[in-house]
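For reference, my_file.csv is printed below; it contains CSV, C-alpha atoms.
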```csv
chain,number,residue,atom,x,y,z
A,1,MET,CA,67.8,138.9,119.3
A,2,ILE,CA,66.8,137.7,115.9
A,3,PHE,CA,66.9,134.0,116.6
A,4,MET,CA,65.3,133.7,120.0
A,5,ASP,CA,64.4,130.1,119.2
A,6,GLY,CA,67.7,129.0,117.6
A,7,TYR,CA,71.3,129.8,117.1
A,8,LEU,CA,73.3,131.7,114.6
A,9,TYR,CA,75.6,129.1,113.0
A,10,TYR,CA,79.0,129.4,111.3
A,11,PRO,CA,79.7,126.4,109.1
A,12,GLY,CA,83.3,126.8,107.7
A,13,CYS,CA,84.5,125.2,104.5
A,14,THR,CA,84.5,121.5,105.3
A,15,LEU,CA,81.0,121.3,106.8
A,16,LYS,CA,79.6,122.2,103.4
A,17,THR,CA,81.6,119.5,101.6
A,18,LYS,CA,83.5,116.5,103.1
A,19,ALA,CA,81.8,116.8,106.5
A,20,SER,CA,78.2,117.4,105.3
A,21,ASP,CA,77.1,114.4,107.3
A,22,TYR,CA,78.0,116.4,110.4
A,23,GLU,CA,76.1,119.5,109.3
A,24,GLU,CA,73.1,117.4,108.3
A,25,SER,CA,72.9,115.5,111.6
A,26,ALA,CA,73.6,118.6,113.7
A,27,MET,CA,70.9,120.6,111.9
A,28,ALA,CA,68.4,117.7,112.3
A,29,ILE,CA,68.9,117.2,116.1
A,30,MET,CA,68.8,121.0,116.8
A,31,GLU,CA,65.6,121.2,114.7
A,32,ALA,CA,64.1,118.3,116.8
A,33,LEU,CA,65.2,120.1,120.0
A,34,GLY,CA,63.4,123.3,118.9
A,35,LYS,CA,66.6,125.3,118.7
A,36,PRO,CA,67.4,125.3,114.9
A,37,LEU,CA,70.8,126.3,113.7
A,38,VAL,CA,70.5,129.3,111.3
A,39,GLU,CA,73.4,129.7,109.0
A,40,MET,CA,75.0,133.2,108.9
A,41,ASP,CA,74.1,135.4,106.0
A,42,ASN,CA,77.8,135.8,105.2
A,43,TRP,CA,81.0,134.2,106.5
A,44,TYR,CA,84.6,133.6,105.6
A,45,CYS,CA,87.0,130.6,105.9
A,46,CYS,CA,88.6,130.8,109.4
A,47,GLY,CA,92.0,129.7,108.2
A,48,ALA,CA,91.8,126.2,109.9
A,49,VAL,CA,94.8,126.7,112.2
A,50,GLN,CA,95.4,129.5,114.6
A,51,SER,CA,98.4,131.6,113.7
A,52,LEU,CA,100.5,131.8,116.9
A,53,THR,CA,103.1,134.6,116.3
A,54,THR,CA,102.8,138.0,118.0
A,55,ASP,CA,103.0,140.0,114.8
A,56,ASP,CA,100.5,138.1,112.7
A,57,LEU,CA,97.4,140.3,112.9
A,58,ILE,CA,96.9,139.7,109.1
A,59,HIS,CA,95.9,136.1,109.9
A,60,GLN,CA,93.3,137.3,112.4
A,61,ILE,CA,91.4,139.2,109.7
A,62,ALA,CA,89.3,136.4,108.3
A,63,PRO,CA,88.0,135.1,111.7
A,64,ILE,CA,87.3,138.7,112.9
A,65,ARG,CA,85.5,139.5,109.7
A,66,THR,CA,83.2,136.6,110.4
A,67,MET,CA,82.7,138.0,113.9
A,68,CYS,CA,81.7,141.3,112.3
A,69,CYS,CA,79.1,139.5,110.2
A,70,ALA,CA,77.6,137.9,113.4
A,71,GLN,CA,77.5,141.3,115.1
A,72,GLU,CA,75.8,142.8,112.0
A,73,GLN,CA,73.1,140.1,112.3
A,74,GLY,CA,72.4,141.4,115.9
A,75,GLU,CA,73.7,138.2,117.6
A,76,LYS,CA,75.9,137.8,120.6
A,77,VAL,CA,76.2,134.0,120.3
A,78,LEU,CA,77.8,132.3,117.4
A,79,VAL,CA,77.8,128.5,117.2
A,80,THR,CA,80.3,126.3,115.4
A,81,LEU,CA,80.3,122.6,114.7
A,82,CYS,CA,83.9,122.1,113.4
A,83,ASP,CA,86.5,121.9,116.2
A,84,MET,CA,89.1,123.7,114.1
A,85,CYS,CA,86.8,126.6,113.3
A,86,TYR,CA,85.8,126.7,116.9
A,87,ASN,CA,89.4,126.9,118.0
A,88,VAL,CA,90.5,129.6,115.5
A,89,LEU,CA,87.4,131.8,115.9
A,90,LYS,CA,87.6,131.5,119.7
A,91,GLN,CA,91.3,132.3,119.9
A,92,ALA,CA,91.1,135.2,117.5
A,93,ASN,CA,88.1,136.6,119.3
A,94,GLN,CA,89.7,136.2,122.7
A,95,ARG,CA,92.8,138.0,121.4
A,96,MET,CA,90.6,141.0,120.5
A,97,LYS,CA,89.0,141.0,123.9
A,98,ASP,CA,92.4,140.7,125.7
A,99,GLN,CA,94.3,143.1,123.6
A,100,PRO,CA,92.3,146.2,122.8
A,101,ASP,CA,95.1,147.7,120.7
A,102,ASP,CA,94.9,144.7,118.4
A,103,LEU,CA,91.1,145.3,118.1
A,104,ASP,CA,91.7,148.9,117.2
A,105,THR,CA,94.3,148.0,114.6
A,106,MET,CA,91.9,145.4,113.1
A,107,ASN,CA,89.1,147.9,113.0
A,108,ASP,CA,91.3,150.5,111.3
A,109,PHE,CA,92.1,147.9,108.6
A,110,LEU,CA,88.7,146.3,108.1
A,111,ASP,CA,86.2,148.0,105.7
A,112,GLU,CA,83.3,146.6,107.8
A,113,ASP,CA,81.1,149.3,109.3
A,114,PRO,CA,80.4,149.6,112.2
A,115,ASP,CA,83.6,148.5,114.0
A,116,TYR,CA,83.7,145.1,115.6
A,117,LEU,CA,83.1,145.7,119.4
A,118,GLY,CA,84.4,142.3,120.6
A,119,GLU,CA,81.1,141.3,122.2
A,120,VAL,CA,80.2,138.2,120.2
A,121,GLU,CA,80.9,134.9,122.0
A,122,VAL,CA,81.9,131.8,120.1
A,123,TYR,CA,80.4,128.5,121.3
A,124,HIS,CA,80.9,124.9,120.1
A,125,LEU,CA,77.7,122.9,119.6
A,126,PHE,CA,78.6,120.5,122.4
A,127,GLU,CA,78.4,123.4,124.9
A,128,ILE,CA,74.9,124.1,123.8
A,129,LEU,CA,74.0,120.4,124.0
A,130,ARG,CA,75.5,120.1,127.5
A,131,ASP,CA,72.9,122.6,128.7
A,132,MET,CA,70.0,120.7,127.0
A,133,LYS,CA,70.4,117.3,128.6
A,134,LYS,CA,66.7,117.2,129.8
A,135,GLU,CA,65.4,118.1,126.4
A,136,ILE,CA,67.7,115.5,124.8
A,137,SER,CA,66.4,112.8,127.1
A,138,LYS,CA,62.8,113.7,126.2
A,139,LYS,CA,63.5,113.3,122.5
A,140,VAL,CA,65.1,109.9,122.7
A,141,VAL,CA,62.8,107.4,121.1
A,142,LYS,CA,65.4,104.7,120.4
A,143,PRO,CA,68.0,104.5,123.1
A,144,LEU,CA,71.2,102.9,121.7
A,145,ASN,CA,71.5,100.4,124.5
A,146,ASN,CA,73.5,97.8,122.8
A,147,LEU,CA,76.1,100.1,121.3
A,148,LYS,CA,79.5,100.4,122.9
A,149,ILE,CA,81.0,103.8,122.0
A,150,THR,CA,84.2,105.4,123.0
A,151,PRO,CA,84.5,109.2,122.8
A,152,TYR,CA,87.4,111.0,121.2
A,153,TYR,CA,88.0,114.7,121.8
A,154,GLY,CA,91.3,115.3,120.0
A,155,CYS,CA,92.9,118.7,120.6
A,156,MET,CA,90.9,121.7,119.4
A,157,LEU,CA,88.0,121.5,121.9
A,158,LEU,CA,90.3,121.4,124.9
A,159,ARG,CA,93.5,123.3,124.1
A,160,PRO,CA,94.9,125.8,124.8
A,161,THR,CA,93.3,126.1,128.2
A,162,GLY,CA,91.7,129.5,127.7
A,163,ILE,CA,89.3,128.2,125.0
A,164,ALA,CA,88.6,124.7,126.4
A,165,ILE,CA,85.0,123.6,126.5
A,166,ASP,CA,85.7,121.2,129.4
A,167,ASP,CA,88.5,120.1,131.7
A,168,THR,CA,91.7,120.0,129.5
A,169,GLU,CA,92.9,116.7,130.9
A,170,ASP,CA,89.7,115.0,132.0
A,171,PRO,CA,86.8,116.1,129.8
A,172,LYS,CA,83.4,114.5,130.4
A,173,ILE,CA,81.0,116.4,128.0
A,174,MET,CA,80.9,113.7,125.4
A,175,GLU,CA,80.6,110.9,127.9
A,176,GLU,CA,77.6,112.6,129.4
A,177,LEU,CA,76.0,113.2,126.0
A,178,LEU,CA,76.6,109.6,125.0
A,179,GLY,CA,75.1,108.5,128.3
A,180,GLN,CA,72.0,110.6,127.6
A,181,ILE,CA,71.2,108.6,124.5
A,182,GLY,CA,71.6,105.2,126.2
A,183,VAL,CA,75.0,104.3,124.8
A,184,ASP,CA,77.3,102.0,126.8
A,185,VAL,CA,80.2,104.4,127.1
A,186,ILE,CA,83.7,102.9,126.9
A,187,ASP,CA,86.4,104.9,128.8
A,188,ASN,CA,89.1,106.2,126.5
A,189,PRO,CA,92.4,107.2,128.1
A,190,LYS,CA,93.6,108.4,124.7
A,191,ARG,CA,90.7,110.6,124.0
A,192,THR,CA,92.7,113.9,124.2
A,193,GLU,CA,95.7,112.8,122.1
A,194,CYS,CA,96.3,114.4,118.7
A,195,CYS,CA,95.3,112.3,115.7
A,196,GLY,CA,98.1,113.7,113.5
A,197,SER,CA,96.1,116.6,112.2
A,198,TYR,CA,97.2,118.2,108.9
A,199,HIS,CA,100.1,115.8,108.6
A,200,THR,CA,97.6,113.8,106.7
A,201,VAL,CA,98.4,116.0,103.7
A,202,ASN,CA,102.2,115.4,103.4
A,203,ARG,CA,103.3,113.1,106.2
A,204,SER,CA,100.5,110.5,106.2
A,205,ASP,CA,102.9,107.9,107.7
A,206,ILE,CA,102.8,109.8,111.0
A,207,VAL,CA,99.0,109.9,110.9
A,208,GLU,CA,98.8,106.2,110.2
A,209,LYS,CA,100.8,105.4,113.3
A,210,ARG,CA,98.6,107.7,115.4
A,211,VAL,CA,95.4,106.1,114.0
A,212,GLU,CA,96.7,102.6,114.6
A,213,ASP,CA,97.5,103.5,118.2
A,214,LEU,CA,94.1,105.2,118.8
A,215,VAL,CA,91.9,102.7,117.1
A,216,ALA,CA,93.7,99.7,118.6
A,217,ARG,CA,93.0,100.9,122.1
A,218,ALA,CA,89.3,101.5,121.3
A,219,VAL,CA,88.9,98.0,119.9
A,220,GLU,CA,90.9,96.3,122.7
A,221,ASP,CA,88.6,98.1,125.2
A,222,GLY,CA,85.6,96.7,123.4
A,223,ALA,CA,84.3,99.7,121.5
A,224,ASP,CA,82.0,99.1,118.5
A,225,ALA,CA,82.8,102.6,117.2
A,226,ILE,CA,84.3,106.0,118.1
A,227,ALA,CA,82.3,109.2,118.4
A,228,LEU,CA,83.9,112.6,117.8
A,229,SER,CA,83.2,116.0,116.3
A,230,CYS,CA,86.3,117.3,114.4
A,231,PRO,CA,86.0,116.7,110.7
A,232,LEU,CA,89.8,116.4,110.4
A,233,CYS,CA,90.0,113.8,113.2
A,234,GLN,CA,87.0,112.0,111.5
A,235,PHE,CA,88.8,111.8,108.2
A,236,ASN,CA,92.1,110.7,109.8
A,237,LEU,CA,90.6,108.0,112.0
A,238,ASP,CA,88.2,106.8,109.3
A,239,TYR,CA,90.3,107.0,106.1
A,240,HIS,CA,93.6,105.8,107.5
A,241,GLN,CA,92.2,102.7,109.1
A,242,ARG,CA,92.8,101.1,105.7
A,243,THR,CA,96.5,100.7,106.8
A,244,THR,CA,95.5,98.9,110.0
A,245,ASP,CA,93.8,95.6,110.9
A,246,TYR,CA,90.8,97.5,112.1
A,247,GLU,CA,87.5,98.6,110.6
A,248,ILE,CA,85.3,100.4,113.0
A,249,PRO,CA,82.9,103.3,112.2
A,250,ILE,CA,83.9,106.8,113.2
A,251,PHE,CA,80.7,108.7,114.0
A,252,TYR,CA,80.0,112.3,114.4
A,253,LEU,CA,78.4,112.4,117.9
A,254,THR,CA,75.4,114.2,116.3
A,255,GLU,CA,74.8,111.2,114.0
A,256,LEU,CA,74.3,109.0,117.0
A,257,ILE,CA,72.1,111.5,118.8
A,258,ALA,CA,70.0,111.7,115.6
A,259,LEU,CA,69.7,107.8,115.6
A,260,ALA,CA,68.5,107.9,119.2
A,261,PHE,CA,65.9,110.5,118.1
A,262,GLY,CA,64.7,108.1,115.4
A,263,LEU,CA,66.3,110.1,112.6
A,264,GLU,CA,68.5,108.4,110.0
A,265,VAL,CA,70.7,111.4,108.8
A,266,GLY,CA,74.3,111.8,107.8
A,267,MET,CA,76.3,108.5,107.6
A,268,LYS,CA,76.8,108.9,103.8
A,269,LYS,CA,80.4,110.0,103.4
A,270,HIS,CA,82.2,107.7,105.7
A,271,TRP,CA,85.0,105.5,104.5
A,272,VAL,CA,84.1,102.7,106.9
A,273,ASP,CA,80.4,102.3,106.4
A,274,PRO,CA,78.7,102.8,109.7
A,275,LYS,CA,75.4,101.3,108.5
A,276,LYS,CA,76.9,97.8,108.2
A,277,MET,CA,77.6,97.7,111.9
A,278,LEU,CA,74.3,99.3,112.8
A,279,LYS,CA,72.4,96.7,110.8
A,280,GLU,CA,74.4,93.9,112.6
A,281,LYS,CA,73.3,95.4,115.9
A,282,ASN,CA,69.6,95.7,114.7
A,283,ILE,CA,69.7,99.4,115.1
A,284,LEU,CA,69.0,99.9,111.4
A,285,LYS,CA,67.1,97.6,109.2
B,1,MET,CA,126.7,122.1,119.3
B,2,LYS,CA,127.6,125.5,117.8
B,3,VAL,CA,127.3,128.3,120.3
B,4,ASN,CA,126.6,131.8,118.9
B,5,PRO,CA,127.1,134.4,121.6
B,6,ASP,CA,125.2,137.2,119.8
B,7,HIS,CA,121.8,135.6,120.6
B,8,THR,CA,119.9,137.3,117.8
B,9,PHE,CA,118.1,134.0,117.0
B,10,LEU,CA,117.0,133.7,120.7
B,11,GLU,CA,115.7,137.3,120.6
B,12,LYS,CA,113.8,136.7,117.3
B,13,VAL,CA,112.2,133.5,118.7
B,14,GLU,CA,111.2,135.3,121.9
B,15,GLU,CA,109.8,138.3,120.0
B,16,LEU,CA,107.7,136.2,117.6
B,17,SER,CA,106.5,133.8,120.3
B,18,GLY,CA,106.0,136.2,123.2
B,19,GLN,CA,107.5,133.4,125.3
B,20,SER,CA,110.6,133.3,127.5
B,21,VAL,CA,112.7,130.4,126.2
B,22,ASN,CA,115.1,130.9,129.1
B,23,ALA,CA,112.3,129.9,131.5
B,24,CYS,CA,112.7,126.3,130.3
B,25,ILE,CA,114.3,124.0,132.9
B,26,ARG,CA,114.5,121.0,130.5
B,27,CYS,CA,112.3,118.8,132.7
B,28,GLY,CA,111.1,116.9,129.7
B,29,THR,CA,107.3,117.2,130.4
B,30,CYS,CA,106.8,118.4,126.9
B,31,SER,CA,108.5,115.4,125.4
B,32,ALA,CA,106.9,113.0,127.8
B,33,GLY,CA,103.4,114.0,126.6
B,34,CYS,CA,104.1,114.7,122.9
B,35,PRO,CA,102.4,112.2,120.6
B,36,PHE,CA,104.9,112.8,117.9
B,37,VAL,CA,108.2,112.7,119.8
B,38,LYS,CA,109.2,109.4,118.2
B,39,GLU,CA,109.2,111.2,114.8
B,40,MET,CA,111.4,114.1,115.9
B,41,ASP,CA,115.2,114.3,115.3
B,42,VAL,CA,115.6,116.2,118.5
B,43,LEU,CA,113.4,116.5,121.6
B,44,PRO,CA,111.6,119.8,122.1
B,45,GLU,CA,113.5,120.7,125.3
B,46,ARG,CA,116.8,120.1,123.5
B,47,ILE,CA,115.6,122.5,120.8
B,48,PHE,CA,115.1,125.1,123.5
B,49,LYS,CA,118.6,124.7,124.8
B,50,LYS,CA,119.9,125.2,121.2
B,51,ILE,CA,117.8,128.4,120.9
B,52,VAL,CA,119.3,129.7,124.2
B,53,LEU,CA,122.8,128.9,122.9
B,54,GLY,CA,122.1,130.5,119.5
B,55,ASP,CA,122.6,127.3,117.6
B,56,LYS,CA,120.4,128.4,114.7
B,57,GLU,CA,121.8,126.0,112.1
B,58,GLY,CA,121.7,123.1,114.5
B,59,ILE,CA,118.0,123.7,114.9
B,60,LEU,CA,117.0,124.5,111.3
B,61,GLU,CA,118.5,121.2,110.0
B,62,LYS,CA,116.3,119.2,112.4
B,63,ASN,CA,112.7,118.2,111.7
B,64,THR,CA,111.3,118.9,115.2
B,65,MET,CA,109.4,122.1,114.5
B,66,TRP,CA,107.8,120.6,111.3
B,67,ILE,CA,106.7,117.4,113.1
B,68,CYS,CA,105.0,119.6,115.8
B,69,ALA,CA,101.4,119.9,114.7
B,70,ALA,CA,100.5,122.5,117.3
B,71,CYS,CA,98.2,120.2,119.3
B,72,PHE,CA,99.0,122.3,122.5
B,73,THR,CA,99.5,119.3,124.7
B,74,CYS,CA,102.9,120.5,125.9
B,75,SER,CA,101.6,124.1,126.2
B,76,VAL,CA,99.0,123.1,128.7
B,77,ARG,CA,101.3,120.9,130.7
B,78,CYS,CA,104.5,122.9,130.9
B,79,PRO,CA,105.2,123.5,134.6
B,80,ARG,CA,107.0,126.7,133.7
B,81,ASP,CA,103.9,128.0,131.8
B,82,ILE,CA,105.7,128.3,128.5
B,83,ASP,CA,103.4,128.1,125.6
B,84,ILE,CA,105.7,125.8,123.7
B,85,ALA,CA,103.5,125.6,120.6
B,86,LYS,CA,104.2,129.3,120.1
B,87,ILE,CA,107.9,128.7,120.2
B,88,MET,CA,107.7,126.0,117.6
B,89,GLU,CA,105.6,128.3,115.5
B,90,ALA,CA,108.2,131.1,115.8
B,91,VAL,CA,110.9,128.8,114.6
B,92,ARG,CA,108.8,127.6,111.7
B,93,GLN,CA,108.0,131.3,110.8
B,94,ILE,CA,111.7,132.2,110.8
B,95,VAL,CA,112.3,129.6,108.1
B,96,LEU,CA,109.1,130.4,106.1
B,97,ARG,CA,109.8,134.1,106.1
B,98,ASP,CA,113.0,133.4,104.2
B,99,ASN,CA,110.8,132.2,101.4
B,100,ILE,CA,111.4,128.5,102.1
B,101,ASP,CA,108.2,126.5,101.8
B,102,MET,CA,107.9,123.0,103.2
B,103,ILE,CA,105.2,121.8,100.8
B,104,ASP,CA,104.6,122.3,97.1
B,105,ILE,CA,100.8,122.5,96.6
B,106,SER,CA,101.1,121.0,93.0
B,107,LYS,CA,102.6,117.8,94.5
B,108,ILE,CA,99.9,117.1,97.1
B,109,GLU,CA,98.8,113.5,96.6
B,110,ASN,CA,95.3,112.3,97.2
B,111,ILE,CA,94.0,115.9,97.3
B,112,GLU,CA,90.6,114.9,96.0
B,113,ASN,CA,90.0,112.9,99.1
B,114,LEU,CA,91.5,115.3,101.7
B,115,PRO,CA,89.1,117.5,103.7
B,116,GLN,CA,89.6,121.2,103.0
B,117,LEU,CA,90.6,122.1,106.5
B,118,ALA,CA,93.6,119.7,106.3
B,119,VAL,CA,94.9,121.3,103.1
B,120,VAL,CA,94.3,124.9,104.4
B,121,GLY,CA,95.8,124.0,107.8
B,122,CYS,CA,98.9,122.4,106.2
B,123,LEU,CA,99.5,125.3,103.8
B,124,ARG,CA,99.1,127.8,106.7
B,125,LYS,CA,101.7,126.0,108.7
B,126,GLU,CA,104.2,125.1,106.0
B,127,THR,CA,104.2,127.9,103.5
B,128,GLY,CA,105.2,131.5,103.9
```

What does the file become when written as structure tokens?
Amino acid sequence: MIFMDGYLYYPGCTLKTKASDYEESAMAIMEALGKPLVEMDNWYCCGAVQSLTTDDLIHQIAPIRTMCCAQEQGEKVLVTLCDMCYNVLKQANQRMKDQPDDLDTMNDFLDEDPDYLGEVEVYHLFEILRDMKKEISKKVVKPLNNLKITPYYGCMLLRPTGIAIDDTEDPKIMEELLGQIGVDVIDNPKRTECCGSYHTVNRSDIVEKRVEDLVARAVEDGADAIALSCPLCQFNLDYHQRTTDYEIPIFYLTELIALAFGLEVGMKKHWVDPKKMLKEKNILK
Amino acid sequence: MKVNPDHTFLEKVEELSGQSVNACIRCGTCSAGCPFVKEMDVLPERIFKKIVLGDKEGILEKNTMWICAACFTCSVRCPRDIDIAKIMEAVRQIVLRDNIDMIDISKIENIENLPQLAVVGCLRKETG
């Protein structure tokens, strides 16, 4: 293992651009926890959405090429931050494990040498954090006691069942992590409902209705803000609030963990400025 | 509803999805949990009935498969273990493979603000 003290990290396209707040805050907290995220030497765009037809091996090439890159670096564990990357890499990788014929076809096609053996495992950052609760508690210097936060999972961490990081209908991983940093966790019965996803490109009216519904519930239940991890959910819930009566910050969970660690990172590219609320709550000066 | 007894559409959908459309009992669990059902011309379980009966035209003129965003909520809840998202994908693919795109990349509004994964995802689902 090359990174005994850290994790090999796959960023994907959006983490390097629109969602750089997420990358910055995730890198900062993992560094603080002594398990830094080390970006892969080489990686490819995953394709964002998993192709679901039986005859579509062509669409599995990009994610499997990335798995080859991880294998080449001698790693068995590959960590993602983006929920959509997690979902696509995990589903494509799972297909190679479940269907050896597909793996053979893929290896015949790919130039990469040696062949991909199907032995790398894909993890989402939250799965790593779930196993580091004690370490997280020890690093909290500023518990966020007077913040009321409701978690939002969306789809890609929980469905389909075979790749879920937690119970598909009743996940708790985010609630537990929020509890770890002292947050007053607000229950969210809508936390696994889709935000509208890529309809934001050409059917934004649908996304606006979803966002109105999801944010209204959070506000009615007393939340100061929503915490999540998917960059597409973050954009939809953040940007499309402009068509609603609401204006609450949409945090990456890692930004909140960083705040509790005494680190002010991320929080630069939000549409609803989270710093305004944090100043009102005397969490930031 | 048009009924086409040759069932080639059903066979194609089942081949592309790897799912048995006939297993659907039209219980409506998929529609009950779908966050987009209000936007759909026809409910998902009604689409499955049309597939079984070979009513290809009656399906392709509806918006149901394009409103489905593959969130997999129905797939994990179906009591008949049908991966419904795969059936919707198969119907989308049948259209897209006839060289019919649902989005023109040059006409995307607000593209400077959109996150990359939204654009990539949309183009993957709505162009051939």

May I ask which of the residues B:Leu123, B:Ile100, B:Ile94, B:Ala118 is the closest one to Leu16 (chain B), counting all atoms listed in the file?
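Answer, going by the shortest atom-to-atom distance: B:Ile94.
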
For Leu110 (chain A), which residue among A:Met67, A:Leu214, A:Cys230, A:Cys195 is the nearest when counting only C-alpha atoms?
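Smallest separation from Leu110 (chain A) among the options: A:Met67.
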
I want to know what sits within 9 Å of region 178-190 of chain A, based on only C-alpha atoms, with residues of the same chain fewer than 4 positions away left out; could you give that as a count of residues only?
33

When distances are computed from all atoms listed in the file, which of A:Pro231, A:Gly6, A:Pro274, A:Gly74 shows the smallest separation from chain B?
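Of A:Pro231, A:Gly6, A:Pro274, A:Gly74, the one nearest chain B is A:Pro231, counting all atoms listed in the file.
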
May I have the residues of chain B within 10 Å of chain A, counting all atoms listed in the file, written as a VMD selection string?
chain B and resid 13 to 19 33 to 36 38 to 39 66 to 77 83 85 to 91 93 102 to 105 107 to 111 113 to 125

Pull C-alpha atoms from the residues just selected and write them as a PDB file, in the coordinates of the input.
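Wrote it out as part_24.pdb, contents follow:
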```pdb
ATOM      1  CA  VAL B  13     112.200 133.500 118.700  1.00  0.00           C
ATOM      2  CA  GLU B  14     111.200 135.300 121.900  1.00  0.00           C
ATOM      3  CA  GLU B  15     109.800 138.300 120.000  1.00  0.00           C
ATOM      4  CA  LEU B  16     107.700 136.200 117.600  1.00  0.00           C
ATOM      5  CA  SER B  17     106.500 133.800 120.300  1.00  0.00           C
ATOM      6  CA  GLY B  18     106.000 136.200 123.200  1.00  0.00           C
ATOM      7  CA  GLN B  19     107.500 133.400 125.300  1.00  0.00           C
ATOM      8  CA  GLY B  33     103.400 114.000 126.600  1.00  0.00           C
ATOM      9  CA  CYS B  34     104.100 114.700 122.900  1.00  0.00           C
ATOM     10  CA  PRO B  35     102.400 112.200 120.600  1.00  0.00           C
ATOM     11  CA  PHE B  36     104.900 112.800 117.900  1.00  0.00           C
ATOM     12  CA  LYS B  38     109.200 109.400 118.200  1.00  0.00           C
ATOM     13  CA  GLU B  39     109.200 111.200 114.800  1.00  0.00           C
ATOM     14  CA  TRP B  66     107.800 120.600 111.300  1.00  0.00           C
ATOM     15  CA  ILE B  67     106.700 117.400 113.100  1.00  0.00           C
ATOM     16  CA  CYS B  68     105.000 119.600 115.800  1.00  0.00           C
ATOM     17  CA  ALA B  69     101.400 119.900 114.700  1.00  0.00           C
ATOM     18  CA  ALA B  70     100.500 122.500 117.300  1.00  0.00           C
ATOM     19  CA  CYS B  71      98.200 120.200 119.300  1.00  0.00           C
ATOM     20  CA  PHE B  72      99.000 122.300 122.500  1.00  0.00           C
ATOM     21  CA  THR B  73      99.500 119.300 124.700  1.00  0.00           C
ATOM     22  CA  CYS B  74     102.900 120.500 125.900  1.00  0.00           C
ATOM     23  CA  SER B  75     101.600 124.100 126.200  1.00  0.00           C
ATOM     24  CA  VAL B  76      99.000 123.100 128.700  1.00  0.00           C
ATOM     25  CA  ARG B  77     101.300 120.900 130.700  1.00  0.00           C
ATOM     26  CA  ASP B  83     103.400 128.100 125.600  1.00  0.00           C
ATOM     27  CA  ALA B  85     103.500 125.600 120.600  1.00  0.00           C
ATOM     28  CA  LYS B  86     104.200 129.300 120.100  1.00  0.00           C
ATOM     29  CA  ILE B  87     107.900 128.700 120.200  1.00  0.00           C
ATOM     30  CA  MET B  88     107.700 126.000 117.600  1.00  0.00           C
ATOM     31  CA  GLU B  89     105.600 128.300 115.500  1.00  0.00           C
ATOM     32  CA  ALA B  90     108.200 131.100 115.800  1.00  0.00           C
ATOM     33  CA  VAL B  91     110.900 128.800 114.600  1.00  0.00           C
ATOM     34  CA  GLN B  93     108.000 131.300 110.800  1.00  0.00           C
ATOM     35  CA  MET B 102     107.900 123.000 103.200  1.00  0.00           C
ATOM     36  CA  ILE B 103     105.200 121.800 100.800  1.00  0.00           C
ATOM     37  CA  ASP B 104     104.600 122.300  97.100  1.00  0.00           C
ATOM     38  CA  ILE B 105     100.800 122.500  96.600  1.00  0.00           C
ATOM     39  CA  LYS B 107     102.600 117.800  94.500  1.00  0.00           C
ATOM     40  CA  ILE B 108      99.900 117.100  97.100  1.00  0.00           C
ATOM     41  CA  GLU B 109      98.800 113.500  96.600  1.00  0.00           C
ATOM     42  CA  ASN B 110      95.300 112.300  97.200  1.00  0.00           C
ATOM     43  CA  ILE B 111      94.000 115.900  97.300  1.00  0.00           C
ATOM     44  CA  ASN B 113      90.000 112.900  99.100  1.00  0.00           C
ATOM     45  CA  LEU B 114      91.500 115.300 101.700  1.00  0.00           C
ATOM     46  CA  PRO B 115      89.100 117.500 103.700  1.00  0.00           C
ATOM     47  CA  GLN B 116      89.600 121.200 103.000  1.00  0.00           C
ATOM     48  CA  LEU B 117      90.600 122.100 106.500  1.00  0.00           C
ATOM     49  CA  ALA B 118      93.600 119.700 106.300  1.00  0.00           C
ATOM     50  CA  VAL B 119      94.900 121.300 103.100  1.00  0.00           C
ATOM     51  CA  VAL B 120      94.300 124.900 104.400  1.00  0.00           C
ATOM     52  CA  GLY B 121      95.800 124.000 107.800  1.00  0.00           C
ATOM     53  CA  CYS B 122      98.900 122.400 106.200  1.00  0.00           C
ATOM     54  CA  LEU B 123      99.500 125.300 103.800  1.00  0.00           C
ATOM     55  CA  ARG B 124      99.100 127.800 106.700  1.00  0.00           C
ATOM     56  CA  LYS B 125     101.700 126.000 108.700  1.00  0.00           C
TER      57      LYS B 125
END
```

One number please: CA of Trp43 (chain A) to CA of Thr66 (chain A), in Å, one decimal.
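Going from CA of Trp43 (chain A) over to CA of Thr66 (chain A), I get 5.1 Å.
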
Using only C-alpha atoms, find the one residue out of A:Tyr10, A:Glu39, A:Glu280, A:Phe126 that sits nearest to Asp166 (chain A).
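Among the listed residues, the smallest separation from Asp166 (chain A) belongs to A:Phe126.
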
Here is a test: counting only C-alpha atoms, which residue of B:Phe9, B:Ile82, B:Val37, B:Cys30 is nearest to Leu60 (chain B)?
B:Phe9

Quick one: residues within 9 Å of (71.2, 130.3, 117.0) (file frame), counting only C-alpha atoms, please, as a list in words.
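Protein, DNA and RNA residues close to (71.2, 130.3, 117.0): Ile2, Phe3, Met4, Asp5, Gly6, Tyr7, Leu8, Tyr9, Lys35, Pro36, Leu37, Val38, Glu39, Glu75, Val77, Leu78 and Val79 of chain A.
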
May I have the residues within 9 Å of region 21-28 of chain B as a ChimeraX atom specification, using all atoms listed in the file and disregarding those fewer than 4 positions away in the same chain?
/B:10,13-14,32-33,43-46,48-49,51-52,78-82,84,87

Between CA of Tyr44 (chain A) and CA of Asn107 (chain A), measure the distance and give it in Å to one decimal.
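CA of Asn107 (chain A) lies 16.7 Å from CA of Tyr44 (chain A).
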